[in-house]
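One file, work25.cif, carrying mmCIF, C-alpha atoms:
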data_data
#
loop_
_atom_site.label_atom_id
_atom_site.label_comp_id
_atom_site.auth_asym_id
_atom_site.auth_seq_id
_atom_site.Cartn_x
_atom_site.Cartn_y
_atom_site.Cartn_z
CA MET Y 21 16.21 1.72 28.66
CA ILE Y 22 15.99 4.93 26.64
CA LYS Y 23 17.36 3.54 23.38
CA GLY Y 24 16.93 0.12 21.81
CA HIS Y 25 13.14 -0.18 21.51
CA GLY Y 26 11.23 -0.59 18.25
CA ASP Y 27 9.81 2.21 16.11
CA ASP Y 28 13.22 3.91 15.91
CA SER Y 29 12.72 5.29 12.41
CA TYR Y 30 14.37 8.53 13.56
CA GLN Y 31 17.67 6.72 13.00
CA TYR Y 32 16.96 6.08 9.33
CA PRO Y 33 15.76 8.40 6.56
CA HIS Y 34 12.77 7.58 4.39
CA ILE Y 35 11.29 4.58 6.22
CA GLU Y 36 8.11 3.63 4.37
CA THR Y 37 6.96 0.50 6.23
CA ASP Y 38 7.48 -0.08 9.94
CA PHE Y 39 7.51 -3.75 10.93
CA SER Y 40 9.40 -2.93 14.14
CA SER Y 41 6.46 -1.66 16.16
CA ASN Y 42 3.81 -4.08 17.40
CA ILE Y 43 1.16 -1.35 17.20
CA CYS Y 44 -1.76 -2.19 14.91
CA ALA Y 45 -0.97 -1.16 11.34
CA HIS Y 46 -2.82 1.47 9.31
CA GLN Y 47 -5.17 2.63 12.05
CA SER Y 48 -7.00 5.84 11.13
CA HIS Y 49 -6.91 8.66 13.69
CA GLN Y 50 -8.79 11.28 11.70
CA VAL Y 51 -11.88 11.23 13.91
CA LEU Y 52 -9.81 11.50 17.09
CA MET Y 53 -7.67 14.31 15.68
CA ALA Y 54 -10.77 16.23 14.65
CA HIS Y 55 -12.19 15.85 18.15
CA LEU Y 56 -9.00 17.08 19.83
CA ALA Y 57 -8.70 19.98 17.38
CA ALA Y 58 -12.12 21.10 18.58
CA CYS Y 59 -10.83 21.32 22.18
CA PRO Y 60 -8.00 23.89 21.96
CA GLU Y 61 -8.83 25.31 25.38
CA LEU Y 62 -7.41 22.17 27.00
CA ILE Y 63 -3.82 23.33 26.44
CA SER Y 64 -4.47 26.56 28.35
CA HIS Y 65 -5.14 24.89 31.70
CA TYR Y 66 -3.51 22.31 33.92
CA PRO Y 67 -4.99 18.84 33.63
CA GLU Y 68 -6.48 17.05 36.61
CA PRO Y 69 -3.65 16.28 39.07
CA GLU Y 70 -4.76 12.66 38.75
CA ALA Y 71 -6.88 11.63 35.75
CA TRP Y 72 -10.00 11.07 37.87
CA SER Y 73 -12.55 11.58 35.08
CA LEU Y 74 -10.87 8.98 32.87
CA GLU Y 75 -10.49 6.58 35.80
CA GLU Y 76 -14.23 6.85 36.46
CA LEU Y 77 -15.05 6.08 32.82
CA ILE Y 78 -12.73 3.06 32.74
CA ALA Y 79 -14.28 1.81 35.99
CA GLN Y 80 -17.78 2.14 34.51
CA GLN Y 81 -16.81 0.23 31.37
CA TYR Y 82 -15.24 -2.70 33.22
CA GLY Y 83 -17.53 -2.99 36.22
CA LEU Y 84 -14.94 -1.66 38.67
CA THR Y 85 -14.96 1.07 41.27
CA PRO Y 86 -12.84 4.17 40.54
CA ASP Y 87 -10.53 3.35 43.43
CA GLU Y 88 -9.56 0.14 41.57
CA VAL Y 89 -8.21 2.12 38.58
CA ILE Y 90 -5.13 4.35 38.18
CA VAL Y 91 -4.53 6.10 34.85
CA THR Y 92 -0.86 6.52 33.95
CA ASN Y 93 1.35 8.18 31.36
CA GLY Y 94 1.57 5.02 29.27
CA ALA Y 95 2.02 1.49 30.58
CA THR Y 96 5.68 2.28 31.21
CA GLU Y 97 4.85 4.77 33.95
CA ALA Y 98 2.68 2.08 35.52
CA ILE Y 99 5.65 -0.31 35.53
CA TYR Y 100 7.90 2.17 37.32
CA LEU Y 101 5.20 3.15 39.83
CA ILE Y 102 4.63 -0.49 40.78
CA ALA Y 103 8.35 -1.19 41.10
CA GLN Y 104 8.73 1.83 43.37
CA ALA Y 105 5.67 1.04 45.47
CA PHE Y 106 6.59 -2.61 46.02
CA PRO Y 107 10.38 -2.97 46.52
CA LEU Y 108 10.25 -6.77 46.74
CA HIS Y 109 12.51 -9.51 45.43
CA ALA Y 110 11.41 -9.70 41.77
CA ASP Y 111 11.46 -12.54 39.25
CA VAL Y 112 11.21 -11.61 35.57
CA PRO Y 113 11.03 -14.56 33.11
CA GLN Y 114 13.10 -13.86 30.00
CA PRO Y 115 12.94 -12.85 27.23
CA THR Y 116 10.42 -10.11 27.87
CA PHE Y 117 9.98 -6.33 27.93
CA CYS Y 118 13.13 -4.90 29.48
CA GLU Y 119 11.44 -2.15 31.50
CA TYR Y 120 10.28 -4.54 34.25
CA GLU Y 121 13.86 -5.40 35.17
CA ASP Y 122 15.09 -1.85 34.61
CA ALA Y 123 12.38 -0.47 36.90
CA CYS Y 124 13.12 -2.98 39.63
CA ASN Y 125 16.84 -2.20 39.44
CA LEU Y 126 16.16 1.52 39.72
CA PHE Y 127 14.53 1.22 43.15
CA PRO Y 128 16.46 -0.55 45.94
CA ARG Y 129 14.95 -3.83 47.09
CA THR Y 130 14.18 -3.20 50.76
CA ASP Y 131 12.06 -6.35 51.23
CA MET Y 132 13.80 -9.51 50.08
CA GLU Y 133 11.57 -11.89 52.03
CA HIS Y 134 8.44 -11.21 49.99
CA THR Y 135 8.45 -12.00 46.30
CA MET Y 136 6.85 -10.62 43.16
CA LEU Y 137 6.60 -11.92 39.60
CA TRP Y 138 6.34 -9.84 36.42
CA LEU Y 139 4.52 -11.45 33.49
CA CYS Y 140 3.88 -9.89 30.09
CA ASN Y 141 0.71 -11.45 28.68
CA PRO Y 142 0.72 -11.61 25.65
CA ASN Y 143 4.49 -11.57 25.92
CA ASN Y 144 6.73 -9.18 24.03
CA PRO Y 145 8.77 -10.21 22.02
CA THR Y 146 7.63 -13.85 21.69
CA GLY Y 147 3.88 -13.44 21.17
CA ASP Y 148 3.18 -16.19 23.72
CA VAL Y 149 0.04 -16.12 25.88
CA TYR Y 150 0.05 -17.71 29.32
CA ASP Y 151 -2.68 -20.21 30.13
CA GLN Y 152 -4.86 -19.06 33.01
CA SER Y 153 -3.87 -22.15 34.98
CA ILE Y 154 -0.24 -20.95 34.99
CA ILE Y 155 -1.22 -17.49 36.23
CA ASP Y 156 -3.36 -19.04 38.97
CA GLU Y 157 -0.42 -21.23 39.99
CA MET Y 158 1.91 -18.23 40.12
CA MET Y 159 -0.51 -16.29 42.31
CA GLY Y 160 -0.23 -19.15 44.79
CA LYS Y 161 3.58 -19.03 44.75
CA TYR Y 162 4.26 -15.29 44.83
CA ASP Y 163 3.21 -12.59 47.26
CA LEU Y 164 2.47 -10.30 44.30
CA VAL Y 165 1.99 -10.95 40.58
CA VAL Y 166 2.14 -8.08 38.08
CA LEU Y 167 0.39 -8.99 34.84
CA ASP Y 168 1.13 -6.61 31.98
CA GLN Y 169 -1.74 -7.02 29.52
CA SER Y 170 -0.74 -4.15 27.24
CA TYR Y 171 -1.26 -6.44 24.22
CA GLU Y 172 -4.54 -7.92 25.46
CA CYS Y 173 -6.42 -6.90 22.30
CA TYR Y 174 -3.59 -8.23 20.11
CA THR Y 175 -4.54 -11.85 20.62
CA ASP Y 176 -7.61 -14.03 20.23
CA ARG Y 177 -6.55 -16.15 23.21
CA PHE Y 178 -8.18 -15.77 26.65
CA VAL Y 179 -6.77 -13.08 28.97
CA MET Y 180 -8.07 -12.12 32.43
CA ASN Y 181 -10.71 -9.40 32.56
CA PRO Y 182 -10.17 -6.51 35.01
CA GLN Y 183 -13.32 -7.12 37.05
CA TRP Y 184 -12.30 -10.66 37.88
CA ALA Y 185 -8.66 -9.74 38.49
CA ALA Y 186 -9.52 -6.88 40.86
CA ARG Y 187 -10.92 -9.43 43.33
CA LYS Y 188 -7.46 -10.96 43.74
CA PRO Y 189 -5.54 -9.40 46.66
CA ASN Y 190 -2.11 -10.13 45.16
CA LEU Y 191 -2.60 -9.37 41.44
CA ILE Y 192 -1.97 -6.11 39.59
CA GLN Y 193 -2.91 -5.68 35.93
CA ILE Y 194 -1.36 -3.15 33.55
CA HIS Y 195 -3.30 -2.05 30.47
CA SER Y 196 -2.45 0.15 27.49
CA LEU Y 197 -4.87 2.43 25.69
CA THR Y 198 -1.81 3.30 23.61
CA LYS Y 199 -1.94 -0.16 22.08
CA THR Y 200 -5.68 -0.79 22.21
CA TYR Y 201 -6.27 2.28 20.03
CA ALA Y 202 -2.85 2.56 18.31
CA VAL Y 203 -2.01 5.97 19.79
CA PRO Y 204 1.57 5.55 21.11
CA GLY Y 205 2.27 9.28 20.91
CA LEU Y 206 -0.41 10.02 23.51
CA ARG Y 207 1.08 7.82 26.27
CA LEU Y 208 -2.00 6.38 27.94
CA GLY Y 209 -2.03 3.38 30.24
CA TYR Y 210 -3.81 2.30 33.38
CA ILE Y 211 -3.55 -0.04 36.34
CA THR Y 212 -6.40 -2.15 37.67
CA ALA Y 213 -6.15 -4.00 40.97
CA HIS Y 214 -7.75 -4.58 44.35
CA ALA Y 215 -8.32 -1.24 46.09
CA SER Y 216 -5.81 -2.09 48.81
CA LEU Y 217 -3.08 -2.28 46.16
CA THR Y 218 -4.06 0.82 44.20
CA GLU Y 219 -4.32 2.83 47.41
CA HIS Y 220 -0.67 2.07 48.10
CA ILE Y 221 0.45 2.79 44.51
CA ARG Y 222 -1.30 6.19 44.52
CA GLN Y 223 1.13 7.41 47.15
CA TYR Y 224 3.81 7.43 44.42
CA LEU Y 225 1.85 9.24 41.69
CA ARG Y 226 3.32 12.46 40.31
CA PRO Y 227 0.80 15.27 39.86
CA TRP Y 228 -0.27 16.11 36.30
CA SER Y 229 1.57 13.13 34.81
CA VAL Y 230 -1.18 12.64 32.20
CA SER Y 231 -1.84 15.61 29.92
CA ALA Y 232 -5.26 17.16 29.43
CA LEU Y 233 -5.22 16.20 25.74
CA SER Y 234 -4.43 12.60 26.61
CA VAL Y 235 -7.24 12.44 29.17
CA GLU Y 236 -9.70 13.87 26.65
CA ALA Y 237 -8.46 11.48 23.98
CA GLY Y 238 -8.86 8.53 26.33
CA LYS Y 239 -12.45 9.43 27.14
CA PHE Y 240 -13.27 9.93 23.46
CA LEU Y 241 -11.72 6.61 22.45
CA LEU Y 242 -13.48 4.65 25.19
CA CYS Y 243 -16.80 6.08 24.00
CA ASN Y 244 -16.07 5.12 20.38
CA ASP Y 245 -15.30 1.45 20.54
CA GLU Y 246 -15.21 1.13 16.75
CA LEU Y 247 -11.80 2.84 16.92
CA ARG Y 248 -10.22 -0.15 18.73
CA CYS Y 249 -7.44 -2.02 16.96
CA THR Y 250 -8.46 -5.16 15.11
CA PRO Y 251 -5.28 -7.10 14.30
CA ASP Y 252 -5.44 -9.52 11.38
CA PHE Y 253 -4.26 -12.78 12.95
CA ASN Y 254 -4.73 -14.70 9.71
CA GLU Y 255 -2.36 -12.32 7.96
CA ALA Y 256 0.16 -12.68 10.79
CA GLN Y 257 0.06 -16.45 10.38
CA ARG Y 258 0.43 -16.11 6.61
CA LEU Y 259 3.49 -13.89 7.11
CA ARG Y 260 4.99 -16.42 9.51
CA ASP Y 261 4.39 -19.25 7.04
CA ARG Y 262 6.10 -17.31 4.25
CA LEU Y 263 9.08 -16.40 6.43
CA GLN Y 264 9.42 -20.05 7.42
CA GLN Y 265 9.87 -20.94 3.76
CA ILE Y 266 13.03 -18.82 3.53
CA ASP Y 267 16.20 -20.83 4.05
CA GLY Y 268 18.06 -19.52 7.08
CA ILE Y 269 15.02 -17.83 8.74
CA MET Y 270 13.30 -19.43 11.72
CA PRO Y 271 10.10 -17.68 12.87
CA GLN Y 272 8.59 -18.82 16.16
CA GLU Y 273 4.95 -19.72 16.76
CA THR Y 274 2.91 -16.73 17.91
CA ASN Y 275 -0.52 -15.93 19.36
CA THR Y 276 -0.37 -12.27 18.32
CA ASN Y 277 0.15 -10.07 15.27
CA PHE Y 278 3.92 -9.98 15.91
CA MET Y 279 6.51 -12.75 15.92
CA LEU Y 280 10.07 -13.43 16.99
CA CYS Y 281 12.42 -14.71 14.30
CA GLN Y 282 15.99 -15.98 14.24
CA LEU Y 283 18.66 -16.04 11.58
CA GLU Y 284 20.60 -19.30 11.36
CA GLU Y 285 23.73 -17.18 10.94
CA GLY Y 286 24.65 -13.53 10.61
CA SER Y 287 23.26 -10.67 12.68
CA ALA Y 288 19.85 -9.10 13.03
CA ALA Y 289 21.50 -5.66 13.21
CA HIS Y 290 22.99 -6.17 9.74
CA LEU Y 291 19.65 -7.38 8.34
CA LYS Y 292 17.87 -4.41 9.92
CA ASP Y 293 20.34 -1.95 8.43
CA TYR Y 294 20.09 -3.56 4.99
CA LEU Y 295 16.27 -3.50 4.95
CA ALA Y 296 16.17 0.10 6.20
CA ARG Y 297 18.68 1.48 3.74
CA GLN Y 298 17.90 -0.62 0.67
CA HIS Y 299 14.14 -1.16 1.03
CA HIS Y 300 13.00 1.54 3.48
CA MET Y 301 11.60 -1.11 5.83
CA LEU Y 302 12.17 -1.19 9.57
CA ILE Y 303 12.36 -4.36 11.67
CA ARG Y 304 13.14 -4.75 15.38
CA ASP Y 305 16.64 -5.95 16.18
CA ALA Y 306 15.78 -8.13 19.20
CA SER Y 307 19.33 -8.86 20.29
CA ASN Y 308 19.02 -6.57 23.33
CA PHE Y 309 16.27 -8.68 24.88
CA ARG Y 310 17.96 -10.61 27.68
CA GLY Y 311 18.11 -14.29 26.79
CA LEU Y 312 18.17 -13.71 23.02
CA THR Y 313 21.10 -13.57 20.62
CA ALA Y 314 22.49 -11.26 17.97
CA ARG Y 315 20.55 -13.32 15.41
CA HIS Y 316 17.06 -12.55 16.76
CA PHE Y 317 14.65 -10.03 15.25
CA ARG Y 318 10.94 -9.27 15.59
CA VAL Y 319 8.39 -8.24 12.99
CA ALA Y 320 4.72 -7.29 13.16
CA ALA Y 321 2.35 -8.11 10.31
CA GLN Y 322 1.23 -5.23 8.12
CA SER Y 323 -0.89 -5.39 4.95
CA PRO Y 324 -0.57 -8.46 2.68
CA ARG Y 325 1.23 -6.37 0.07
CA GLU Y 326 3.71 -4.96 2.59
CA ASP Y 327 4.29 -8.37 4.16
CA ASP Y 328 5.03 -9.88 0.75
CA MET Y 329 7.49 -7.06 0.07
CA LEU Y 330 9.24 -7.81 3.37
CA VAL Y 331 9.51 -11.50 2.52
CA GLU Y 332 11.02 -10.73 -0.89
CA ALA Y 333 13.46 -8.23 0.62
CA ILE Y 334 14.65 -10.77 3.22
CA LYS Y 335 15.00 -13.39 0.48
CA GLU Y 336 17.16 -10.93 -1.45
CA TYR Y 337 19.31 -10.31 1.63
CA MET Y 338 19.77 -14.03 2.24
CA GLU Y 339 20.77 -14.62 -1.40
CA ILE Y 340 23.34 -11.81 -1.23
CA ARG Y 341 24.81 -13.31 1.95
CA HIS Y 342 24.93 -16.74 0.34
CA ASP Y 343 26.85 -15.36 -2.66
CA GLU Y 344 29.41 -13.50 -0.54
#
Would you mind writing the file out in structure tokens?
Amino acid sequence: MIKGHGDDSYQYPHIETDFSSNICAHQSHQVLMAHLAACPELISHYPEPEAWSLEELIAQQYGLTPDEVIVTNGATEAIYLIAQAFPLHADVPQPTFCEYEDACNLFPRTDMEHTMLWLCNPNNPTGDVYDQSIIDEMMGKYDLVVLDQSYECYTDRFVMNPQWAARKPNLIQIHSLTKTYAVPGLRLGYITAHASLTEHIRQYLRPWSVSALSVEAGKFLLCNDELRCTPDFNEAQRLRDRLQQIDGIMPQETNTNFMLCQLEEGSAAHLKDYLARQHHMLIRDASNFRGLTARHFRVAAQSPREDDMLVEAIKEYMEIRHDE
């Protein structure tokens, strides 16, 4: 899906606060930008055909071997590579990130006897985190389980570590440096899995899919762990509690910094448009997630001041609707 994701401020002028993207709010990139500005020669040469140097560094950090790691142009490239490499009958629990289903539909299913399961953990858009017992059970039921852990640092709940997961012969993990370090413009993701699985996926890699600047940024970020995102889960819970106090708004429980909400009546698209044009705030209209309705929207916690402004703006919208 090209259109319909969050962070679509290009459609609205003068957005000041973006609640639509789950990426950690207010992350400073000054140190990273200064480092990349000191490496101008990188744009004059082709990058590594495959990001071997970054794969080696990731492997070192997580106790893996380099052949258990594949760096990709964002987690989304990883999704499409896996769908192409394993054309199996796929189950995708809904609602979840649409690209799993889109990727599977793009490549013909040539093996309908073997099965695979796609799980987003933590899940987008709900903020749910699967218990490990459920994942273990699914690995016993499916020939292949793909576990997208792009939001693994956006929860304080337990998620599988790559070293443990790489021992499983039917489990593939997807990770996102984009989200871990709040650098969505760089497009940096990676796959970790048993070497037998990554060896097969590598056959579908496109050369030079990850830019030299992205590779350099990834290495710099991994060596400067203080630049990792640190979501404020207490603030997210406070925002949810305040939203719950608004008549006509039903926020769901969440284990992340973002949450799925539902209007009792009306449409999320109308609320989004009102907030964008009247208050320069952007929320995620979640109606295009399969299994949700036109009344669903998603927000990610920002600063306490910004969250309070969102609550007041939604209250204002609900009062206007009530008076109509």
The PyMOL selection byres ((chain Y and resi 260) around 10) resolved against shown file, as an mmCIF file with C-alpha atoms, in the frame of the given file:
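As a result, out_32.cif now contains:
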data_model
loop_
_atom_site.group_PDB
_atom_site.id
_atom_site.type_symbol
_atom_site.label_atom_id
_atom_site.label_comp_id
_atom_site.auth_asym_id
_atom_site.auth_seq_id
_atom_site.Cartn_x
_atom_site.Cartn_y
_atom_site.Cartn_z
ATOM 1 C CA ASN Y 254 -4.730 -14.700 9.710
ATOM 2 C CA GLU Y 255 -2.360 -12.320 7.960
ATOM 3 C CA ALA Y 256 0.160 -12.680 10.790
ATOM 4 C CA GLN Y 257 0.060 -16.450 10.380
ATOM 5 C CA ARG Y 258 0.430 -16.110 6.610
ATOM 6 C CA LEU Y 259 3.490 -13.890 7.110
ATOM 7 C CA ASP Y 261 4.390 -19.250 7.040
ATOM 8 C CA ARG Y 262 6.100 -17.310 4.250
ATOM 9 C CA LEU Y 263 9.080 -16.400 6.430
ATOM 10 C CA GLN Y 264 9.420 -20.050 7.420
ATOM 11 C CA GLN Y 265 9.870 -20.940 3.760
ATOM 12 C CA MET Y 270 13.300 -19.430 11.720
ATOM 13 C CA PRO Y 271 10.100 -17.680 12.870
ATOM 14 C CA GLN Y 272 8.590 -18.820 16.160
ATOM 15 C CA GLU Y 273 4.950 -19.720 16.760
ATOM 16 C CA THR Y 274 2.910 -16.730 17.910
ATOM 17 C CA ASN Y 277 0.150 -10.070 15.270
ATOM 18 C CA PHE Y 278 3.920 -9.980 15.910
ATOM 19 C CA MET Y 279 6.510 -12.750 15.920
ATOM 20 C CA LEU Y 280 10.070 -13.430 16.990
ATOM 21 C CA CYS Y 281 12.420 -14.710 14.300
ATOM 22 C CA VAL Y 319 8.390 -8.240 12.990
ATOM 23 C CA ALA Y 320 4.720 -7.290 13.160
ATOM 24 C CA ALA Y 321 2.350 -8.110 10.310
ATOM 25 C CA ASP Y 327 4.290 -8.370 4.160
ATOM 26 C CA VAL Y 331 9.510 -11.500 2.520
#
Expanded to explicit residues, what is the PyMOL selection byres ((chain Y and resi 305) around 8) for this file, as a list in words?
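Checking the PyMOL selection byres ((chain Y and resi 305) around 8) against this file, the residues are Gly26, Ala288, Ala289, Lys292, Ile303, Arg304, Ala306, Ser307, Asn308, His316, Phe317 and Arg318 of chain Y.
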Let me have the centre and edge lengths in Å, one decimal, of the box along x, y and z around every listed atom of stretch 48-51 of chain Y with 3 Å of margin on each side, as lines of an AutoDock Vina configuration file.
center_x = -9.4
center_y = 8.6
center_z = 12.5
size_x = 11.0
size_y = 11.4
size_z = 8.8
The distance between atom CA of Y:Tyr66 and atom CA of Y:Arg226 is 13.6 Å
Straight-line distance linking atom CA of Y:Leu84 with atom CA of Y:Leu191, stated in Å to one decimal
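Separating atom CA of Y:Leu84 from atom CA of Y:Leu191 is a distance of 14.8 Å.
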Scan for residues within 9 Å of the point (-17.7, 5.2, 40.1) in the coordinates of the file, using only C-alpha atoms, and reply as a ChimeraX atom specification.
/Y:75-77,79-80,84-87
Between atom CA of Y:Gln81 and atom CA of Y:Gly209, what is the distance, to one decimal in Å?
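About the pair atom CA of Y:Gln81 and atom CA of Y:Gly209: they are 15.2 Å apart.
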Residue with smallest distance to Y:Asp122 - pool Y:Arg310, Y:Glu336, Y:Glu36, Y:Gln50, counting only C-alpha atoms
Y:Arg310
Could you write stretch 279-298 of chain Y as a PDB file, keeping the file's coordinate frame, with N, CA and C atoms rebuilt where they are missing?
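This went into out.pdb:
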ATOM      1  N   MET Y 279       5.830 -11.456  15.765  1.00  0.00           N
ATOM      2  CA  MET Y 279       6.510 -12.750  15.920  1.00  0.00           C
ATOM      3  C   MET Y 279       8.011 -12.531  16.058  1.00  0.00           C
ATOM      4  N   LEU Y 280       8.624 -13.430  16.807  1.00  0.00           N
ATOM      5  CA  LEU Y 280      10.070 -13.430  16.990  1.00  0.00           C
ATOM      6  C   LEU Y 280      10.682 -14.380  15.971  1.00  0.00           C
ATOM      7  N   CYS Y 281      11.753 -13.916  15.325  1.00  0.00           N
ATOM      8  CA  CYS Y 281      12.420 -14.710  14.300  1.00  0.00           C
ATOM      9  C   CYS Y 281      13.911 -14.808  14.617  1.00  0.00           C
ATOM     10  N   GLN Y 282      14.562 -15.805  14.023  1.00  0.00           N
ATOM     11  CA  GLN Y 282      15.990 -15.980  14.240  1.00  0.00           C
ATOM     12  C   GLN Y 282      16.673 -16.335  12.929  1.00  0.00           C
ATOM     13  N   LEU Y 283      17.803 -15.680  12.690  1.00  0.00           N
ATOM     14  CA  LEU Y 283      18.660 -16.040  11.580  1.00  0.00           C
ATOM     15  C   LEU Y 283      19.519 -17.238  11.972  1.00  0.00           C
ATOM     16  N   GLU Y 284      19.709 -18.177  11.056  1.00  0.00           N
ATOM     17  CA  GLU Y 284      20.600 -19.300  11.360  1.00  0.00           C
ATOM     18  C   GLU Y 284      22.030 -18.832  11.537  1.00  0.00           C
ATOM     19  N   GLU Y 285      22.406 -17.780  10.785  1.00  0.00           N
ATOM     20  CA  GLU Y 285      23.730 -17.180  10.940  1.00  0.00           C
ATOM     21  C   GLU Y 285      23.642 -15.717  10.524  1.00  0.00           C
ATOM     22  N   GLY Y 286      24.680 -14.951  10.884  1.00  0.00           N
ATOM     23  CA  GLY Y 286      24.650 -13.530  10.610  1.00  0.00           C
ATOM     24  C   GLY Y 286      24.077 -12.772  11.792  1.00  0.00           C
ATOM     25  N   SER Y 287      23.767 -11.491  11.584  1.00  0.00           N
ATOM     26  CA  SER Y 287      23.260 -10.670  12.680  1.00  0.00           C
ATOM     27  C   SER Y 287      21.992  -9.938  12.287  1.00  0.00           C
ATOM     28  N   ALA Y 288      21.095  -9.824  13.258  1.00  0.00           N
ATOM     29  CA  ALA Y 288      19.850  -9.100  13.030  1.00  0.00           C
ATOM     30  C   ALA Y 288      20.115  -7.617  12.776  1.00  0.00           C
ATOM     31  N   ALA Y 289      21.161  -7.075  13.411  1.00  0.00           N
ATOM     32  CA  ALA Y 289      21.500  -5.660  13.210  1.00  0.00           C
ATOM     33  C   ALA Y 289      21.865  -5.402  11.750  1.00  0.00           C
ATOM     34  N   HIS Y 290      22.596  -6.330  11.147  1.00  0.00           N
ATOM     35  CA  HIS Y 290      22.990  -6.170   9.740  1.00  0.00           C
ATOM     36  C   HIS Y 290      21.769  -6.273   8.826  1.00  0.00           C
ATOM     37  N   LEU Y 291      20.885  -7.242   9.123  1.00  0.00           N
ATOM     38  CA  LEU Y 291      19.650  -7.380   8.340  1.00  0.00           C
ATOM     39  C   LEU Y 291      18.790  -6.131   8.474  1.00  0.00           C
ATOM     40  N   LYS Y 292      18.656  -5.631   9.688  1.00  0.00           N
ATOM     41  CA  LYS Y 292      17.870  -4.410   9.920  1.00  0.00           C
ATOM     42  C   LYS Y 292      18.416  -3.253   9.100  1.00  0.00           C
ATOM     43  N   ASP Y 293      19.725  -3.062   9.146  1.00  0.00           N
ATOM     44  CA  ASP Y 293      20.340  -1.950   8.430  1.00  0.00           C
ATOM     45  C   ASP Y 293      20.146  -2.101   6.925  1.00  0.00           C
ATOM     46  N   TYR Y 294      20.277  -3.325   6.418  1.00  0.00           N
ATOM     47  CA  TYR Y 294      20.090  -3.560   4.990  1.00  0.00           C
ATOM     48  C   TYR Y 294      18.654  -3.226   4.564  1.00  0.00           C
ATOM     49  N   LEU Y 295      17.673  -3.727   5.305  1.00  0.00           N
ATOM     50  CA  LEU Y 295      16.270  -3.500   4.950  1.00  0.00           C
ATOM     51  C   LEU Y 295      15.920  -2.008   5.029  1.00  0.00           C
ATOM     52  N   ALA Y 296      16.473  -1.331   6.028  1.00  0.00           N
ATOM     53  CA  ALA Y 296      16.170   0.100   6.200  1.00  0.00           C
ATOM     54  C   ALA Y 296      16.758   0.926   5.058  1.00  0.00           C
ATOM     55  N   ARG Y 297      17.998   0.635   4.709  1.00  0.00           N
ATOM     56  CA  ARG Y 297      18.680   1.480   3.740  1.00  0.00           C
ATOM     57  C   ARG Y 297      18.373   1.099   2.288  1.00  0.00           C
ATOM     58  N   GLN Y 298      18.133  -0.177   2.043  1.00  0.00           N
ATOM     59  CA  GLN Y 298      17.900  -0.620   0.670  1.00  0.00           C
ATOM     60  C   GLN Y 298      16.415  -0.712   0.316  1.00  0.00           C
TER      61      GLN Y 298
END
